[in-house]
Structures are given as structure tokens and as C-alpha cells.
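Enquirer: What follows is work_25.cif; its format and atoms are mmCIF, C-alpha atoms.
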data_start
loop_
_atom_site.label_atom_id
_atom_site.label_comp_id
_atom_site.auth_asym_id
_atom_site.auth_seq_id
_atom_site.Cartn_x
_atom_site.Cartn_y
_atom_site.Cartn_z
CA MET U 1 45.57 101.84 117.13
CA ALA U 2 47.32 104.60 115.33
CA ASP U 3 50.19 106.64 116.69
CA PRO U 4 49.37 109.39 119.20
CA MET U 5 48.55 112.91 118.07
CA ARG U 6 50.69 115.82 119.10
CA ILE U 7 48.52 118.56 120.54
CA ARG U 8 49.69 121.96 121.74
CA ALA U 9 47.30 124.43 123.25
CA GLN U 10 48.52 127.86 124.27
CA ALA U 11 46.42 130.48 125.97
CA ALA U 12 46.75 134.04 124.66
CA GLY U 13 44.39 136.63 126.10
CA ASP U 14 40.83 135.30 126.24
CA LYS U 15 41.41 132.49 123.76
CA ALA U 16 43.68 129.54 123.24
CA THR U 17 45.36 128.50 120.03
CA VAL U 18 45.27 124.76 119.52
CA ARG U 19 47.62 123.05 117.09
CA VAL U 20 47.16 119.38 116.34
CA LEU U 21 49.43 117.10 114.36
CA MET U 22 47.84 113.73 113.65
CA SER U 23 49.67 110.68 112.45
CA HIS U 24 47.83 109.14 109.51
CA GLU U 25 48.62 107.91 106.00
CA MET U 26 45.72 109.78 104.33
CA GLU U 27 45.80 107.54 101.25
CA THR U 28 43.68 109.11 98.49
CA GLY U 29 42.65 106.01 96.56
CA GLN U 30 44.09 107.66 93.43
CA ARG U 31 47.58 106.21 93.64
CA LYS U 32 48.66 102.89 92.18
CA ASP U 33 51.19 100.46 93.60
CA SER U 34 54.10 98.98 91.64
CA ALA U 35 51.83 96.24 90.22
CA GLY U 36 49.45 98.87 88.84
CA LYS U 37 46.69 98.13 91.32
CA ALA U 38 44.94 101.07 92.94
CA ILE U 39 45.79 101.52 96.61
CA PRO U 40 42.47 101.73 98.49
CA ALA U 41 41.59 105.05 100.07
CA TRP U 42 42.35 105.35 103.77
CA PHE U 43 41.81 108.72 105.35
CA ILE U 44 40.44 110.47 108.42
CA GLN U 45 36.77 111.29 107.95
CA GLU U 46 35.66 112.90 111.17
CA VAL U 47 37.55 115.04 113.62
CA THR U 48 36.08 116.26 116.89
CA ALA U 49 37.60 118.75 119.29
CA ALA U 50 36.27 119.29 122.80
CA HIS U 51 37.06 121.92 125.42
CA ASN U 52 36.59 120.60 128.98
CA GLY U 53 34.36 117.86 127.61
CA LYS U 54 32.13 120.16 125.51
CA THR U 55 32.41 119.71 121.75
CA VAL U 56 33.51 122.97 120.16
CA LEU U 57 34.52 121.94 116.64
CA THR U 58 33.79 119.02 114.35
CA ALA U 59 35.20 118.53 110.89
CA ASP U 60 34.46 116.25 107.95
CA TRP U 61 37.54 115.57 105.89
CA GLY U 62 38.07 114.14 102.45
CA PRO U 63 41.08 112.28 101.10
CA SER U 64 42.72 115.50 99.89
CA VAL U 65 43.81 116.57 103.35
CA ALA U 66 47.58 116.10 103.51
CA LYS U 67 49.34 113.11 105.04
CA ASN U 68 49.91 113.44 108.79
CA PRO U 69 47.26 116.17 108.96
CA PHE U 70 47.78 119.45 110.72
CA LEU U 71 44.92 121.43 112.21
CA GLN U 72 44.92 124.77 113.94
CA PHE U 73 41.98 126.55 115.54
CA ASN U 74 41.26 129.04 118.32
CA VAL U 75 39.04 128.21 121.28
CA LYS U 76 37.32 131.22 122.85
CA GLY U 77 37.36 131.49 126.62
CA ALA U 78 39.91 128.74 127.16
CA LYS U 79 42.47 129.42 129.89
CA ALA U 80 45.54 127.69 131.28
CA GLY U 81 44.75 124.34 132.87
CA ASP U 82 41.73 123.64 130.65
CA LYS U 83 41.55 120.32 128.86
CA ILE U 84 41.42 120.06 125.07
CA THR U 85 40.48 116.68 123.65
CA VAL U 86 40.83 115.85 119.98
CA SER U 87 39.57 112.64 118.40
CA TRP U 88 39.25 111.30 114.88
CA VAL U 89 37.64 108.40 113.04
CA ASP U 90 38.96 107.16 109.70
CA ASN U 91 37.09 105.42 106.87
CA LYS U 92 38.17 102.00 108.17
CA GLY U 93 36.54 102.71 111.52
CA ASP U 94 39.88 103.15 113.29
CA LYS U 95 39.85 105.88 115.90
CA ARG U 96 42.14 107.76 118.21
CA SER U 97 41.60 110.29 120.96
CA ASP U 98 44.19 112.41 122.75
CA GLU U 99 44.06 115.08 125.39
CA ALA U 100 46.20 118.10 126.14
CA THR U 101 46.21 120.80 128.79
CA VAL U 102 46.16 124.47 127.84
CA SER U 103 49.38 126.19 128.90
CA MET W 1 23.75 66.67 120.90
CA GLN W 2 22.15 69.90 119.75
CA THR W 3 18.49 70.01 118.98
CA ARG W 4 17.30 71.67 115.82
CA ARG W 5 15.60 74.36 117.87
CA GLU W 6 18.80 75.27 119.74
CA MET W 7 20.76 75.43 116.55
CA LEU W 8 18.27 77.76 114.91
CA ALA W 9 18.29 80.04 117.93
CA GLN W 10 22.08 80.15 117.88
CA SER W 11 22.35 80.96 114.22
CA ALA W 12 19.81 83.74 114.68
CA THR W 13 22.01 85.22 117.41
CA VAL W 14 25.07 84.98 115.22
CA ALA W 15 23.25 86.60 112.31
CA GLY W 16 22.11 89.36 114.62
CA LEU W 17 25.66 89.97 115.81
CA LEU W 18 26.94 90.07 112.27
CA ALA W 19 24.27 92.56 111.26
CA THR W 20 25.17 94.81 114.19
CA ALA W 21 28.86 94.58 113.39
CA GLY W 22 28.18 95.26 109.73
CA LEU W 23 25.90 98.17 110.48
CA LEU W 24 28.25 100.02 112.82
CA PRO W 25 30.71 101.31 110.23
CA GLN W 26 27.78 102.32 108.03
CA SER W 27 26.19 104.41 110.74
CA ALA W 28 29.57 106.05 111.34
CA LEU W 29 29.62 106.95 107.66
CA ALA W 30 26.09 108.29 107.61
CA ALA W 31 27.12 111.61 109.12
CA TRP W 32 29.89 112.04 106.58
CA PRO W 33 28.59 114.06 103.60
CA GLN W 34 29.58 111.67 100.83
CA ALA W 35 27.74 113.56 98.07
CA ALA W 36 29.60 116.75 98.92
CA PHE W 37 32.94 114.99 98.71
CA GLU W 38 32.03 113.55 95.29
CA ALA W 39 31.16 116.97 93.89
CA LYS W 40 33.43 118.35 91.20
CA THR W 41 32.74 122.07 91.49
CA LEU W 42 32.27 124.70 94.16
CA ALA W 43 28.56 125.13 93.44
CA GLU W 44 27.87 121.38 93.51
CA ALA W 45 29.72 120.89 96.79
CA VAL W 46 27.96 123.80 98.47
CA LYS W 47 24.60 122.50 97.26
CA ALA W 48 25.37 119.03 98.63
CA LEU W 49 26.15 120.61 102.00
CA GLY W 50 22.77 122.32 101.97
CA GLY W 51 23.75 125.85 100.98
CA GLY W 52 22.47 128.24 98.33
CA ALA W 53 24.36 129.99 95.55
CA PRO W 54 27.81 131.07 96.74
CA ALA W 55 28.76 134.74 96.53
CA GLU W 56 32.28 136.14 96.66
CA SER W 57 32.88 138.20 99.78
CA LYS W 58 35.67 140.24 101.33
CA ASP W 59 34.66 139.04 104.80
CA VAL W 60 36.05 135.62 104.05
CA THR W 61 39.80 135.29 103.92
CA ILE W 62 41.89 132.48 102.56
CA THR W 63 45.53 132.12 103.49
CA GLY W 64 48.07 130.10 101.60
CA PRO W 65 51.26 130.38 99.60
CA ASP W 66 51.32 131.85 96.06
CA ILE W 67 53.57 129.05 94.95
CA ALA W 68 53.68 125.67 96.66
CA GLU W 69 56.81 123.68 95.94
CA ASN W 70 55.30 120.41 97.08
CA GLY W 71 51.67 119.73 96.24
CA ALA W 72 51.48 116.96 98.84
CA VAL W 73 51.59 119.48 101.67
CA VAL W 74 50.03 122.87 101.01
CA PRO W 75 49.22 124.92 104.12
CA VAL W 76 45.90 126.71 103.71
CA GLY W 77 43.61 128.50 106.10
CA ALA W 78 40.04 129.77 106.03
CA ALA W 79 38.66 132.56 108.19
CA CYS W 80 35.52 134.63 108.31
CA GLY W 81 35.19 137.96 110.09
CA LEU W 82 31.40 137.83 110.39
CA ALA W 83 29.42 136.39 113.29
CA GLY W 84 27.09 133.45 112.75
CA VAL W 85 29.30 131.15 110.72
CA SER W 86 28.07 127.57 110.82
CA LYS W 87 30.50 125.87 108.46
CA LEU W 88 33.86 126.60 106.92
CA ALA W 89 34.95 124.57 103.90
CA LEU W 90 38.13 124.32 101.88
CA LEU W 91 38.00 123.32 98.22
CA VAL W 92 40.69 122.71 95.63
CA GLU W 93 39.14 123.25 92.19
CA LYS W 94 41.24 120.84 90.12
CA ASN W 95 41.50 117.96 92.58
CA PRO W 96 39.62 114.74 91.69
CA SER W 97 37.12 115.64 94.40
CA ALA W 98 37.05 119.38 94.92
CA LEU W 99 36.04 119.43 98.57
CA ALA W 100 38.97 118.90 100.95
CA ALA W 101 37.53 119.62 104.37
CA VAL W 102 34.42 120.93 106.10
CA PHE W 103 34.61 122.41 109.59
CA ASN W 104 31.45 122.69 111.67
CA VAL W 105 32.16 125.76 113.75
CA THR W 106 30.39 126.42 117.06
CA ASP W 107 30.19 129.67 119.01
CA ALA W 108 33.03 128.51 121.24
CA VAL W 109 35.66 128.64 118.50
CA GLU W 110 36.69 131.43 116.17
CA ALA W 111 35.80 131.04 112.51
CA ASN W 112 39.45 130.61 111.69
CA VAL W 113 41.01 127.25 110.87
CA ASN W 114 44.27 126.23 109.28
CA THR W 115 45.22 122.87 107.86
CA ARG W 116 47.26 121.29 105.09
CA VAL W 117 45.84 119.87 101.87
CA LYS W 118 47.10 117.95 98.86
CA MET W 119 46.94 119.51 95.40
CA GLY W 120 47.30 117.57 92.17
CA GLN W 121 48.17 120.62 90.08
CA SER W 122 48.09 124.42 90.10
CA SER W 123 44.54 125.46 90.83
CA ASN W 124 42.19 127.89 92.47
CA VAL W 125 41.59 127.17 96.12
CA TYR W 126 38.34 128.31 97.73
CA ALA W 127 37.50 129.09 101.32
CA VAL W 128 33.75 128.91 101.81
CA ALA W 129 31.83 130.19 104.82
CA MET W 130 28.28 128.96 105.24
CA MET W 131 26.37 131.27 107.54
CA ALA W 132 23.69 130.25 110.02
CA ASP W 133 21.14 132.34 108.05
CA GLY W 134 21.77 130.32 104.88
CA LYS W 135 24.08 132.72 103.06
CA VAL W 136 27.14 131.22 101.43
CA LEU W 137 30.22 133.39 101.02
CA PHE W 138 33.56 132.46 99.54
CA ALA W 139 37.05 133.73 98.79
CA GLN W 140 39.47 132.31 96.25
CA LYS W 141 43.19 132.25 95.70
CA GLU W 142 45.28 130.74 92.98
CA ILE W 143 48.05 128.48 94.24
CA LYS W 144 50.70 127.30 91.80
CA VAL W 145 52.14 123.88 92.40
CA THR W 146 55.58 122.87 91.15
CA LEU W 147 55.29 119.20 92.13
CA GLY W 148 51.88 117.50 92.28
CA GLY W 149 50.69 115.68 95.37
CA CYS W 150 48.34 113.16 93.78
CA GLY W 151 49.26 110.09 91.72
CA GLY W 152 52.94 109.60 90.96
#
For this file, write the structure as C-alpha cells.
Expert:
Amino acid sequence: MADPMRIRAQAAGDKATVRVLMSHEMETGQRKDSAGKAIPAWFIQEVTAAHNGKTVLTADWGPSVAKNPFLQFNVKGAKAGDKITVSWVDNKGDKRSDEATVS
Amino acid sequence: MQTRREMLAQSATVAGLLATAGLLPQSALAAWPQAAFEAKTLAEAVKALGGGAPAESKDVTITGPDIAENGAVVPVGAACGLAGVSKLALLVEKNPSALAAVFNVTDAVEANVNTRVKMGQSSNVYAVAMMADGKVLFAQKEIKVTLGGCGG
């Protein structure tokens, strides 16, 4: 299991801004190690964000998203106390899901 | 002592388990648009995602720095002012695979996402909005990179 994500969700007016910082190597498969062998690609492929259990955003990512990926989006109609859940699956089948409360 | 029949039944079970285990990661991958991520150009990637010919539009905005010091972490954002956006995509033209990320936007979120991408070299970066009615709009911005984020 990978390290936890850091999720901050702040309500502003009738929407909430959600910022997510995931902890992941995001290896591209382009780099070579000191022996000249290619390091296999290892990156997050699917990200899902849910607001109070209802999926509001899904994303398909490629290896060119930066290491320890950052994601920011705005959820309409979210207010303080609502739950935001973010989960991801990487190309090795590893997954992680974390929850935050809108403040 | 195991009979032949029992042994055959057991190996069938094991084979079945292996097949299920082997199939699971594949089904997880099925939803991931591999062809789009292998595309080299904007038009190819959009086509692989099921869109038509992309047209440049002022309704799509791309945010990012003019000069990125470190290509490994380039903050970019895509936004679209129009209603009915189904997908937002970010592409880096000169990366080994142009497509960086696709966001499937629902009505419950604004068509405005920010993330960070890697860039191998100075290049045009595209924000693409695919509308629910099939139109494909994009905006571009040139980002200069002083230190590449791929290879090395």
C-alpha cells in the first residue's frame, strides 16, 4: 500500500476547491538505471473523485504526469461537512483511497 | 492417496483461479485508453479518444508558466467556459507520448482542472475540451523548459 494522499477541500460560495497531493513514483519507462537497463513504467492510470459517495470526476493519466501528482478541481454544490473521496489505481494494480471533509 | 479424478478436479480449480487472477489486471486496464496514450500528435490522440477534428477556441484556457525551470514538475491547468464539456485533456507535443492526462468531467464539477506534468523539452502544451455534442476545442501555449524532466 502506498503512502496516504493529502487532500484539502475548502468550501467557497456554492463550490468547494479540492486539492490532492498523491504520493507516487510516476516512473515513465523512459529512464535507464546505472546498468543501462530501462526502468519499467510505473504510474497512476485511473483517478476517481467522489462527493458524498457520488463519482464526480474520473481521470485517465499517462506516465507524463509529474512525480507525486497534484490535482486540483472544483466541486459544485459542495458545502462544509461534505465528504470528498479520492482513489487511484496504478498500472501494477496497486490502489489507494483517502477521504477528506470539506471545511 | 489421491484418485486421478480428484487430482484433475483440483488442477481445474487452480487453473480457474489463475485465470481469474490473471484477468483482473487486464480488465482494470481495459478502461484505460491505451491507443490515445500511444498517440504522437494532438489529432491522433483526440481521434483515439473518439473526437473529431480539433479546432482552436478562445473558450478553452490553458494556464502554465512561460518558462519552466524544472521540466519534471510543470504546473498546468485546463479550463473551458462552455457548458457541456465531457472531457478535458492535457497534451505535451514533444513528449514521447503526447497525451498526459484525460479528465472525464461530470456536471457536478467545473470544467477546470490543474495538475503537474513532466516535459522532456520546450514544447507546445495543449488543453483540449471535448464537448458532449462531439465538438473538440483546444488552446495551446508554448512552455520553455530549462531542464528536461525525462531521461537523464
Enquirer: Report as a compact mmCIF listing (two decimals) with C-alpha atoms, in the coordinates of the input the full result of the PyMOL selection byres ((chain W) within 7 of (chain U)) when it is applied to this structure.
Expert:
# COMPACT_ATOMS: atom_id res chain seq x y z
CA PRO W 25 30.71 101.31 110.23
CA TRP W 32 29.89 112.04 106.58
CA PHE W 37 32.94 114.99 98.71
CA ALA W 72 51.48 116.96 98.84
CA VAL W 73 51.59 119.48 101.67
CA LEU W 99 36.04 119.43 98.57
CA ALA W 100 38.97 118.90 100.95
CA ALA W 101 37.53 119.62 104.37
CA VAL W 102 34.42 120.93 106.10
CA PHE W 103 34.61 122.41 109.59
CA ASN W 104 31.45 122.69 111.67
CA VAL W 105 32.16 125.76 113.75
CA THR W 106 30.39 126.42 117.06
CA ALA W 108 33.03 128.51 121.24
CA VAL W 109 35.66 128.64 118.50
CA GLU W 110 36.69 131.43 116.17
CA ASN W 112 39.45 130.61 111.69
CA VAL W 113 41.01 127.25 110.87
CA ASN W 114 44.27 126.23 109.28
CA THR W 115 45.22 122.87 107.86
CA ARG W 116 47.26 121.29 105.09
CA VAL W 117 45.84 119.87 101.87
CA LYS W 118 47.10 117.95 98.86
CA CYS W 150 48.34 113.16 93.78
CA GLY W 151 49.26 110.09 91.72
CA GLY W 152 52.94 109.60 90.96
Enquirer: List, as a PDB file with C-alpha atoms, keeping the file's coordinate frame, every residue that the PyMOL selection byres ((chain U and resi 3-10) around 8) selects in the file provided.
Expert:
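Below is the file out_12.pdb, written as the result:
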ATOM      1  CA  MET U   1      45.570 101.840 117.130  1.00  0.00           C
ATOM      2  CA  ALA U   2      47.320 104.600 115.330  1.00  0.00           C
ATOM      3  CA  ALA U  11      46.420 130.480 125.970  1.00  0.00           C
ATOM      4  CA  ALA U  12      46.750 134.040 124.660  1.00  0.00           C
ATOM      5  CA  ALA U  16      43.680 129.540 123.240  1.00  0.00           C
ATOM      6  CA  THR U  17      45.360 128.500 120.030  1.00  0.00           C
ATOM      7  CA  VAL U  18      45.270 124.760 119.520  1.00  0.00           C
ATOM      8  CA  ARG U  19      47.620 123.050 117.090  1.00  0.00           C
ATOM      9  CA  VAL U  20      47.160 119.380 116.340  1.00  0.00           C
ATOM     10  CA  LEU U  21      49.430 117.100 114.360  1.00  0.00           C
ATOM     11  CA  MET U  22      47.840 113.730 113.650  1.00  0.00           C
ATOM     12  CA  SER U  23      49.670 110.680 112.450  1.00  0.00           C
ATOM     13  CA  HIS U  24      47.830 109.140 109.510  1.00  0.00           C
ATOM     14  CA  ALA U  80      45.540 127.690 131.280  1.00  0.00           C
ATOM     15  CA  ILE U  84      41.420 120.060 125.070  1.00  0.00           C
ATOM     16  CA  ARG U  96      42.140 107.760 118.210  1.00  0.00           C
ATOM     17  CA  SER U  97      41.600 110.290 120.960  1.00  0.00           C
ATOM     18  CA  ASP U  98      44.190 112.410 122.750  1.00  0.00           C
ATOM     19  CA  GLU U  99      44.060 115.080 125.390  1.00  0.00           C
ATOM     20  CA  ALA U 100      46.200 118.100 126.140  1.00  0.00           C
ATOM     21  CA  THR U 101      46.210 120.800 128.790  1.00  0.00           C
ATOM     22  CA  VAL U 102      46.160 124.470 127.840  1.00  0.00           C
ATOM     23  CA  SER U 103      49.380 126.190 128.900  1.00  0.00           C
TER      24      SER U 103
END
Enquirer: Rounded to one decimal in Å, what is the spacing between CA of Gly81 (chain W) and CA of Ile62 (chain W)?
Expert: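 One can read the CA of Gly81 (chain W) to CA of Ile62 (chain W) distance as 11.5 Å.
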Enquirer: Take CA of Gln34 (chain W) and CA of Pro54 (chain W) and report the distance between them in Å, one decimal.
Expert: 19.9 Å
Enquirer: Please indicate the distance in Å from CA of Phe138 (chain W) to CA of Leu49 (chain W), rounded to one decimal place.
Expert: 14.2 Å
Enquirer: Residues near region 125-137 of chain W, anyone? I mean within 7 Å using all atoms listed in the file, not counting same-chain ones fewer than 2 positions away, as a PyMOL selection string.
Expert: chain W and resi 51-57+60+62+78+80+84-93+123+139-143
Enquirer: Can you list, as a list in words, the residues that the PyMOL selection byres ((chain W and resi 65) around 8) selects here?
Expert: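 Taken over the shown coordinates, the PyMOL selection byres ((chain W and resi 65) around 8) returns Thr63, Gly64, Asp66, Ile67, Ala68, Val74, Pro75, Val76 and Ile143 of chain W.
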